[in-house]
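Okay, so here's the structure we're looking at.
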Amino acid sequence: MSMTIALEAFLTLPRGLLLTLVLTFASLAAGFAVSVPLAFLRASSNPWASAPVLAYTYAFRGTPLLVQLFLIYYGIGQLPLVRQSFLWAVMREPFWCAFIAFTLNSAAHTTEVVRGGIQAVPRGQIEAAKALGLSRFHTARLIVFPLTLRIALPAYANEVVGMLKASSLASTITLLEVTGLARQLVSETFAPYEVFIAAGAFYLLLTLLITQGFQMLETRWTPTANRPPPAQPVPRRANGKPPLASAET
Amino acid sequence: MYAFVDQFLSGLKNTLLVFALSCAFGTLLGLLIAVLRNSTRKSVSSCMRAYTGIIRGVPELLIILLTYFGGTALLSAIAGGYIEINAFAAGVAALTVVFSGYAAEIFRGAINAVAPGQREAAAALGLSNAQIWFLIIIPQMIPIALPAFCNLCISLIKDTSLISVVGLTDVMRVAYIGAGSLRAPLPFYLAASAIYLALTSLSLLSFRLLERRYSLPAMKG
């Protein structure tokens, strides 16, 4: 272990942090935007709506992200149709290829997460909305979607952490995010332990921040009625009865 | 393209071998960690907790790179000259560590879900600690842990593709070489996708059958 190299790694790697974060959160945001309508289609009882979405999520969840990334970066760029059109300006940039691959992959995972949430919304809520005369769109927007977000939150937190870790694959198509910079530094210094452990520490820190953030969000979004009561001394009445017993009268 | 069928087959063999070995070793290691995590000794259980926390918070690719390049540095330092570690061994070691971290969390949840009365009854009957684990707790946690464990195995199949980055000739690597040499990336990567999709579909199907076989009577509906 050489302290100087470890120090150098801790000073160099933060330069890749921005790219890691941009790739992760841009793909997550785009993936989420795509996945919400897809999840409603996937949850619908009409097979013509749900089957194509199922095919998409099945294919993207059943193949490795690395294959998808290479397929888009090396494969799509080969097509003459793409090379000669305006798309080439986008598709020749490794950043946009990584963004597209991550978005498609994240959208597939998120669609299934949101679908699980939609199907877990209690039936009574939807029936109540119908009884109040809400249209189907309003029911989806005002009742189902907010409840879905709350139900799907823990699973979505896993997806966010997974995407952060998956962003390390961008280093295989020459992008210099944290892992890419670490690989470059290792090839210069031949000191794998110092550099890769430093890179791992940065990822670990980000993972901890994300999980803590989601935990706070989860407590905030839990309806107050379901929260465990705060620890308080039970107020005693003069006759010694616990307060709940007298509430019945 | 057809000349690459043989290479794809040998790549498939490597992929499956890496999967089977790291799944087997990872399950054993994960079980050990889950049991140690239930230890009454604070230091042991918090060490195991840190282990799973670190493994699950770091990208799999980074662990593979660390094992491969770190292993090479270690071997070179021991031997005094430059020795490159086998990509296969490094890949199996790295994926074993990754798998054990996730499996340990699944097993821990399953162990906690086994009713505590079972353990107490076994202890009251005079069973030894090892007997309690192997005869009472582990058989009962299988149906609880199985669904999550199957998902983990499917992730592992996909994660094996990452070892191609350090040079193991698995399905992904064969596609990469073929795409480069014939300058036809699209068909090669599509072929690789099809192979991986077939593998994950096949395991999904077989795990469904396994789950049905091992599910609790009450859960069969």
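For the structure tokens, the naming scheme is as follows: chains receive sequential letters (A, B, ...) according to their order of presentation, residues are indexed from 1 within each chain, and ligands are indexed from 1 in presentation order.
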*asked:* When you look at Gly70 of chain B with a cut-off of 10 Å (counting only C-alpha atoms), what residues show up, excluding the ones that are within fewer than 6 positions of it in the same chain? I need them as a ChimeraX atom specification.
replied: /A:190-194,196 /B:63-64,76,85,90
I need the residues from that last selection saved to file as an mmCIF file, in the first residue's frame (with C-alpha atoms), if you can.
```cif
data_model
loop_
_atom_site.group_PDB
_atom_site.id
_atom_site.type_symbol
_atom_site.label_atom_id
_atom_site.label_comp_id
_atom_site.auth_asym_id
_atom_site.auth_seq_id
_atom_site.Cartn_x
_atom_site.Cartn_y
_atom_site.Cartn_z
ATOM 1 C CA PHE A 190 -0.089 -0.349 -11.507
ATOM 2 C CA ALA A 191 -1.492 0.071 -8.003
ATOM 3 C CA PRO A 192 -4.892 -1.675 -8.201
ATOM 4 C CA TYR A 193 -5.624 -1.894 -4.468
ATOM 5 C CA GLU A 194 -5.248 1.770 -3.611
ATOM 6 C CA PHE A 196 -10.017 0.553 -6.844
ATOM 7 C CA ILE B 63 -15.122 -5.889 -7.554
ATOM 8 C CA ILE B 64 -14.194 -7.888 -10.654
ATOM 9 C CA SER B 76 3.488 -10.878 -9.039
ATOM 10 C CA ILE B 85 -4.019 -14.237 -12.709
ATOM 11 C CA ALA B 90 -10.615 -14.095 -10.696
#
```
*Quick one: residues within 12 Å of Leu190 of chain B, only C-alpha atoms counted, chain neighbours fewer than 3 positions away excluded, as a list in words?*
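The filter keeps Ala59, Thr63, Pro64, Val67, Gln68, Leu69, Phe70, Leu71, Ile72, Tyr74, Gly75 and Ile76 of chain A; Val171, Met172, Ala175, Tyr176, Gly178, Ala179, Ala184, Pro185, Leu186, Pro187, Ser193, Ala194, Ile195, Tyr196 and Leu197 of chain B.
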Using N, CA, C and O atoms, can you write the selected residues to a file as a compact mmCIF listing (two decimals), in the first residue's frame?
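Resulting contents of part20.txt:
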```
# COMPACT_ATOMS: atom_id res chain seq x y z
N ALA A 59 -37.42 -8.58 -22.37
CA ALA A 59 -36.17 -8.62 -23.14
C ALA A 59 -35.09 -7.80 -22.44
O ALA A 59 -33.94 -8.24 -22.35
N THR A 63 -31.54 -9.69 -20.41
CA THR A 63 -30.21 -9.68 -21.02
C THR A 63 -29.31 -8.75 -20.21
O THR A 63 -29.80 -7.82 -19.58
N PRO A 64 -27.99 -9.02 -20.23
CA PRO A 64 -27.08 -8.18 -19.45
C PRO A 64 -27.04 -6.75 -20.01
O PRO A 64 -27.14 -6.55 -21.22
N VAL A 67 -24.40 -6.12 -22.72
CA VAL A 67 -24.76 -6.47 -24.10
C VAL A 67 -25.58 -5.35 -24.73
O VAL A 67 -25.35 -4.94 -25.87
N GLN A 68 -26.54 -4.82 -23.96
CA GLN A 68 -27.37 -3.73 -24.47
C GLN A 68 -26.52 -2.51 -24.81
O GLN A 68 -26.72 -1.85 -25.83
N LEU A 69 -25.56 -2.22 -23.94
CA LEU A 69 -24.70 -1.06 -24.14
C LEU A 69 -23.87 -1.23 -25.41
O LEU A 69 -23.79 -0.31 -26.24
N PHE A 70 -23.28 -2.42 -25.59
CA PHE A 70 -22.45 -2.66 -26.78
C PHE A 70 -23.31 -2.69 -28.03
O PHE A 70 -22.89 -2.24 -29.10
N LEU A 71 -24.51 -3.24 -27.90
CA LEU A 71 -25.42 -3.29 -29.04
C LEU A 71 -25.72 -1.88 -29.53
O LEU A 71 -25.73 -1.62 -30.74
N ILE A 72 -25.92 -0.96 -28.61
CA ILE A 72 -26.26 0.40 -29.01
C ILE A 72 -25.00 1.15 -29.46
O ILE A 72 -25.01 1.83 -30.48
N TYR A 74 -21.81 -0.04 -30.43
CA TYR A 74 -21.14 -0.58 -31.62
C TYR A 74 -22.12 -0.94 -32.72
O TYR A 74 -21.82 -0.77 -33.90
N GLY A 75 -23.28 -1.49 -32.33
CA GLY A 75 -24.19 -2.06 -33.31
C GLY A 75 -24.99 -1.02 -34.08
O GLY A 75 -24.96 -0.99 -35.31
N ILE A 76 -25.69 -0.14 -33.34
CA ILE A 76 -26.58 0.81 -34.02
C ILE A 76 -25.77 1.78 -34.88
O ILE A 76 -26.18 2.17 -35.97
N VAL B 171 -19.62 -15.88 -23.48
CA VAL B 171 -20.48 -15.53 -24.61
C VAL B 171 -20.25 -14.09 -25.06
O VAL B 171 -20.12 -13.79 -26.25
N MET B 172 -20.17 -13.20 -24.07
CA MET B 172 -20.01 -11.78 -24.37
C MET B 172 -18.70 -11.50 -25.09
O MET B 172 -18.64 -10.74 -26.05
N ALA B 175 -18.76 -12.64 -28.69
CA ALA B 175 -19.49 -11.67 -29.51
C ALA B 175 -18.62 -10.46 -29.81
O ALA B 175 -18.60 -9.95 -30.94
N TYR B 176 -17.86 -10.02 -28.80
CA TYR B 176 -17.00 -8.85 -28.97
C TYR B 176 -15.92 -9.12 -30.01
O TYR B 176 -15.68 -8.32 -30.91
N GLY B 178 -15.94 -11.51 -32.34
CA GLY B 178 -16.56 -11.72 -33.65
C GLY B 178 -16.97 -10.41 -34.28
O GLY B 178 -16.74 -10.17 -35.48
N ALA B 179 -17.56 -9.52 -33.46
CA ALA B 179 -18.01 -8.23 -33.98
C ALA B 179 -16.84 -7.44 -34.53
O ALA B 179 -16.93 -6.78 -35.57
N ALA B 184 -19.12 -6.70 -38.02
CA ALA B 184 -20.58 -6.81 -38.06
C ALA B 184 -21.10 -6.88 -36.63
O ALA B 184 -21.49 -7.94 -36.16
N PRO B 185 -21.05 -5.77 -35.89
CA PRO B 185 -21.42 -5.84 -34.47
C PRO B 185 -22.87 -6.21 -34.23
O PRO B 185 -23.17 -6.96 -33.29
N LEU B 186 -23.77 -5.72 -35.08
CA LEU B 186 -25.19 -5.90 -34.80
C LEU B 186 -25.58 -7.38 -34.69
O LEU B 186 -26.14 -7.79 -33.68
N PRO B 187 -25.29 -8.23 -35.71
CA PRO B 187 -25.69 -9.64 -35.58
C PRO B 187 -25.02 -10.34 -34.40
O PRO B 187 -25.66 -11.16 -33.74
N SER B 193 -27.33 -11.48 -27.15
CA SER B 193 -28.56 -11.17 -26.40
C SER B 193 -29.49 -12.37 -26.39
O SER B 193 -30.06 -12.72 -25.35
N ALA B 194 -29.63 -13.02 -27.56
CA ALA B 194 -30.54 -14.16 -27.66
C ALA B 194 -30.08 -15.28 -26.74
O ALA B 194 -30.90 -15.92 -26.07
N ILE B 195 -28.76 -15.52 -26.68
CA ILE B 195 -28.26 -16.59 -25.82
C ILE B 195 -28.55 -16.27 -24.36
O ILE B 195 -29.04 -17.11 -23.60
N TYR B 196 -28.27 -15.02 -23.95
CA TYR B 196 -28.52 -14.66 -22.55
C TYR B 196 -30.01 -14.73 -22.23
O TYR B 196 -30.41 -15.18 -21.16
N LEU B 197 -30.83 -14.28 -23.19
CA LEU B 197 -32.27 -14.30 -22.94
C LEU B 197 -32.76 -15.75 -22.79
O LEU B 197 -33.60 -16.04 -21.94
```
*List every residue of segment 8-149 of chain A that DSSP, applied to the backbone of this structure, assigns to alpha helix (DSSP H), and report them as a PyMOL selection string.*
chain A and resi 8-12+14-43+47-62+65-70+80-83+87-91+94-120+123-131+136-138+145-149
*Return the single residue from A:Ala49, A:Ile197, A:Val161, A:Leu153 that is closest to Phe69 of chain B, with distances computed using only C-alpha atoms.*
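Checking each candidate against Phe69 of chain B, we get A:Ile197 as the closest.
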_Selection near Asn105 of chain A, 8 Å with only C-alpha atoms, sequence-local residues under 5 positions removed, as a list in words_ =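 Neighbouring residues, sequence-local ones excluded: Gly31, Phe60, Arg61 and Leu65 of chain A.
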*For chain B, which residue among A:Thr12, A:Thr222, A:Ser85, A:Gln78 is the nearest when counting only C-alpha atoms?*
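So, comparing all the options, the nearest one is A:Gln78.
Shortest separation to chain A among B:Ile106, B:Leu16, B:Ala79, B:Ala191 occurs at residue B:Ala191, atoms counted being only C-alpha atoms.
Atom pair atom CA of Gly53 of chain B / atom CA of Pro139 of chain B has a distance of 26.2 Å (rounded to one decimal).
Comparing the minimum interatomic distances between chain B and each of A:Ile210, A:Cys97, A:Val36, A:Leu66, counting only C-alpha atoms, we find that A:Leu66 sits nearest.
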*Fewer than 3 positions away in the same chain doesn't count, so skip those; otherwise give me all residues within 12 Å of segment 26-32 of chain B, counting only C-alpha atoms, as a ChimeraX atom specification.*
/B:18-23,35-39,44-45,48-49,51-52,55,92-111,133-134,137-138,141-142,145-146,149-150,152-153,156
*Residues at most 10 Å from Ser215 of chain B, counting only C-alpha atoms, excluding those fewer than 5 positions away in the same chain, as a PyMOL selection string?*
chain B and resi 142-144+146-147+209-210+220
For the residues in that selection, give me N, CA, C and O atoms as a PDB file, in the first residue's frame.
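Once everything was written out, this is result-v7.pdb:
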```
ATOM      1  N   ILE B 142     -35.834 -22.735   3.502  1.00  0.00           N
ATOM      2  CA  ILE B 142     -35.733 -22.889   2.038  1.00  0.00           C
ATOM      3  C   ILE B 142     -36.954 -22.306   1.307  1.00  0.00           C
ATOM      4  O   ILE B 142     -36.790 -21.459   0.429  1.00  0.00           O
ATOM      5  N   PRO B 143     -38.193 -22.705   1.677  1.00  0.00           N
ATOM      6  CA  PRO B 143     -39.329 -22.135   0.931  1.00  0.00           C
ATOM      7  C   PRO B 143     -39.457 -20.627   1.072  1.00  0.00           C
ATOM      8  O   PRO B 143     -39.909 -19.961   0.146  1.00  0.00           O
ATOM      9  N   ILE B 144     -38.997 -20.087   2.207  1.00  0.00           N
ATOM     10  CA  ILE B 144     -39.107 -18.637   2.400  1.00  0.00           C
ATOM     11  C   ILE B 144     -38.090 -17.914   1.524  1.00  0.00           C
ATOM     12  O   ILE B 144     -38.377 -16.883   0.921  1.00  0.00           O
ATOM     13  N   LEU B 146     -36.544 -19.054  -1.195  1.00  0.00           N
ATOM     14  CA  LEU B 146     -36.407 -19.490  -2.589  1.00  0.00           C
ATOM     15  C   LEU B 146     -36.748 -18.417  -3.641  1.00  0.00           C
ATOM     16  O   LEU B 146     -35.942 -18.199  -4.551  1.00  0.00           O
ATOM     17  N   PRO B 147     -37.887 -17.710  -3.557  1.00  0.00           N
ATOM     18  CA  PRO B 147     -38.193 -16.750  -4.633  1.00  0.00           C
ATOM     19  C   PRO B 147     -37.114 -15.694  -4.814  1.00  0.00           C
ATOM     20  O   PRO B 147     -36.668 -15.434  -5.934  1.00  0.00           O
ATOM     21  N   LEU B 209     -40.703 -24.083 -11.434  1.00  0.00           N
ATOM     22  CA  LEU B 209     -41.029 -25.474 -11.093  1.00  0.00           C
ATOM     23  C   LEU B 209     -40.505 -25.819  -9.707  1.00  0.00           C
ATOM     24  O   LEU B 209     -41.188 -26.460  -8.901  1.00  0.00           O
ATOM     25  N   LEU B 210     -39.270 -25.360  -9.441  1.00  0.00           N
ATOM     26  CA  LEU B 210     -38.643 -25.627  -8.146  1.00  0.00           C
ATOM     27  C   LEU B 210     -39.452 -24.990  -7.026  1.00  0.00           C
ATOM     28  O   LEU B 210     -39.692 -25.603  -5.979  1.00  0.00           O
ATOM     29  N   LYS B 220     -49.610 -22.847  -1.256  1.00  0.00           N
ATOM     30  CA  LYS B 220     -49.978 -23.406  -2.550  1.00  0.00           C
ATOM     31  C   LYS B 220     -51.352 -22.915  -2.996  1.00  0.00           C
ATOM     32  O   LYS B 220     -51.675 -22.941  -4.156  1.00  0.00           O
TER      33      LYS B 220
END
```
*Near-Thr139 of chain A list (8 Å; only C-alpha atoms; drop same-chain fewer than 6 positions) as a list in words*: Ile126, Ala129 and Lys130 of chain A
*Which one is closest to Leu168 of chain B: B:Ser43, B:Gln140, B:Asn86, B:Thr72? Count only C-alpha atoms.*
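Answer, going by the shortest atom-to-atom distance: B:Asn86.
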_Report as a ChimeraX atom specification all protein, DNA and RNA residues lying within 12 Å of Leu18 of chain A, evaluated on only C-alpha atoms, omitting residues in the same chain fewer than 5 positions from it._
/A:13,23-26,167,176-178,181,202,206
Write the residues of the preceding selection, restricted to N, CA, C and O atoms, as an mmCIF file, in the first residue's frame.
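The result, stored in result35.cif:
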```cif
data_model
loop_
_atom_site.group_PDB
_atom_site.id
_atom_site.type_symbol
_atom_site.label_atom_id
_atom_site.label_comp_id
_atom_site.auth_asym_id
_atom_site.auth_seq_id
_atom_site.Cartn_x
_atom_site.Cartn_y
_atom_site.Cartn_z
ATOM 1 N N LEU A 13 -10.193 10.914 -8.411
ATOM 2 C CA LEU A 13 -11.480 10.276 -8.716
ATOM 3 C C LEU A 13 -12.692 11.207 -8.613
ATOM 4 O O LEU A 13 -13.634 11.044 -9.384
ATOM 5 N N LEU A 23 -24.921 10.660 -15.377
ATOM 6 C CA LEU A 23 -25.381 9.462 -16.087
ATOM 7 C C LEU A 23 -26.466 8.756 -15.295
ATOM 8 O O LEU A 23 -27.505 8.375 -15.833
ATOM 9 N N THR A 24 -26.232 8.585 -13.982
ATOM 10 C CA THR A 24 -27.189 7.851 -13.154
ATOM 11 C C THR A 24 -28.535 8.556 -13.114
ATOM 12 O O THR A 24 -29.570 7.966 -13.432
ATOM 13 N N PHE A 25 -28.509 9.848 -12.756
ATOM 14 C CA PHE A 25 -29.783 10.503 -12.486
ATOM 15 C C PHE A 25 -30.493 10.929 -13.762
ATOM 16 O O PHE A 25 -31.728 10.938 -13.805
ATOM 17 N N ALA A 26 -29.737 11.241 -14.826
ATOM 18 C CA ALA A 26 -30.408 11.548 -16.093
ATOM 19 C C ALA A 26 -31.114 10.294 -16.619
ATOM 20 O O ALA A 26 -32.272 10.354 -17.059
ATOM 21 N N SER A 167 -23.936 2.344 -13.645
ATOM 22 C CA SER A 167 -23.278 3.410 -14.406
ATOM 23 C C SER A 167 -21.783 3.148 -14.546
ATOM 24 O O SER A 167 -21.133 3.722 -15.411
ATOM 25 N N LEU A 176 -15.062 8.443 -18.962
ATOM 26 C CA LEU A 176 -14.217 8.561 -17.773
ATOM 27 C C LEU A 176 -15.034 8.999 -16.572
ATOM 28 O O LEU A 176 -14.877 10.098 -16.061
ATOM 29 N N GLU A 177 -15.953 8.133 -16.134
ATOM 30 C CA GLU A 177 -16.591 8.405 -14.849
ATOM 31 C C GLU A 177 -15.723 7.754 -13.770
ATOM 32 O O GLU A 177 -14.571 7.427 -14.059
ATOM 33 N N VAL A 178 -16.236 7.562 -12.559
ATOM 34 C CA VAL A 178 -15.358 7.146 -11.459
ATOM 35 C C VAL A 178 -14.595 5.869 -11.812
ATOM 36 O O VAL A 178 -13.372 5.805 -11.681
ATOM 37 N N LEU A 181 -12.029 6.518 -14.668
ATOM 38 C CA LEU A 181 -10.831 7.207 -14.178
ATOM 39 C C LEU A 181 -9.969 6.253 -13.374
ATOM 40 O O LEU A 181 -8.740 6.273 -13.477
ATOM 41 N N PHE A 202 -15.998 5.756 -2.841
ATOM 42 C CA PHE A 202 -16.894 6.799 -3.363
ATOM 43 C C PHE A 202 -18.278 6.233 -3.669
ATOM 44 O O PHE A 202 -19.294 6.853 -3.346
ATOM 45 N N LEU A 206 -21.982 7.179 -1.936
ATOM 46 C CA LEU A 206 -23.181 7.555 -2.693
ATOM 47 C C LEU A 206 -24.343 6.618 -2.366
ATOM 48 O O LEU A 206 -25.481 7.063 -2.180
#
```
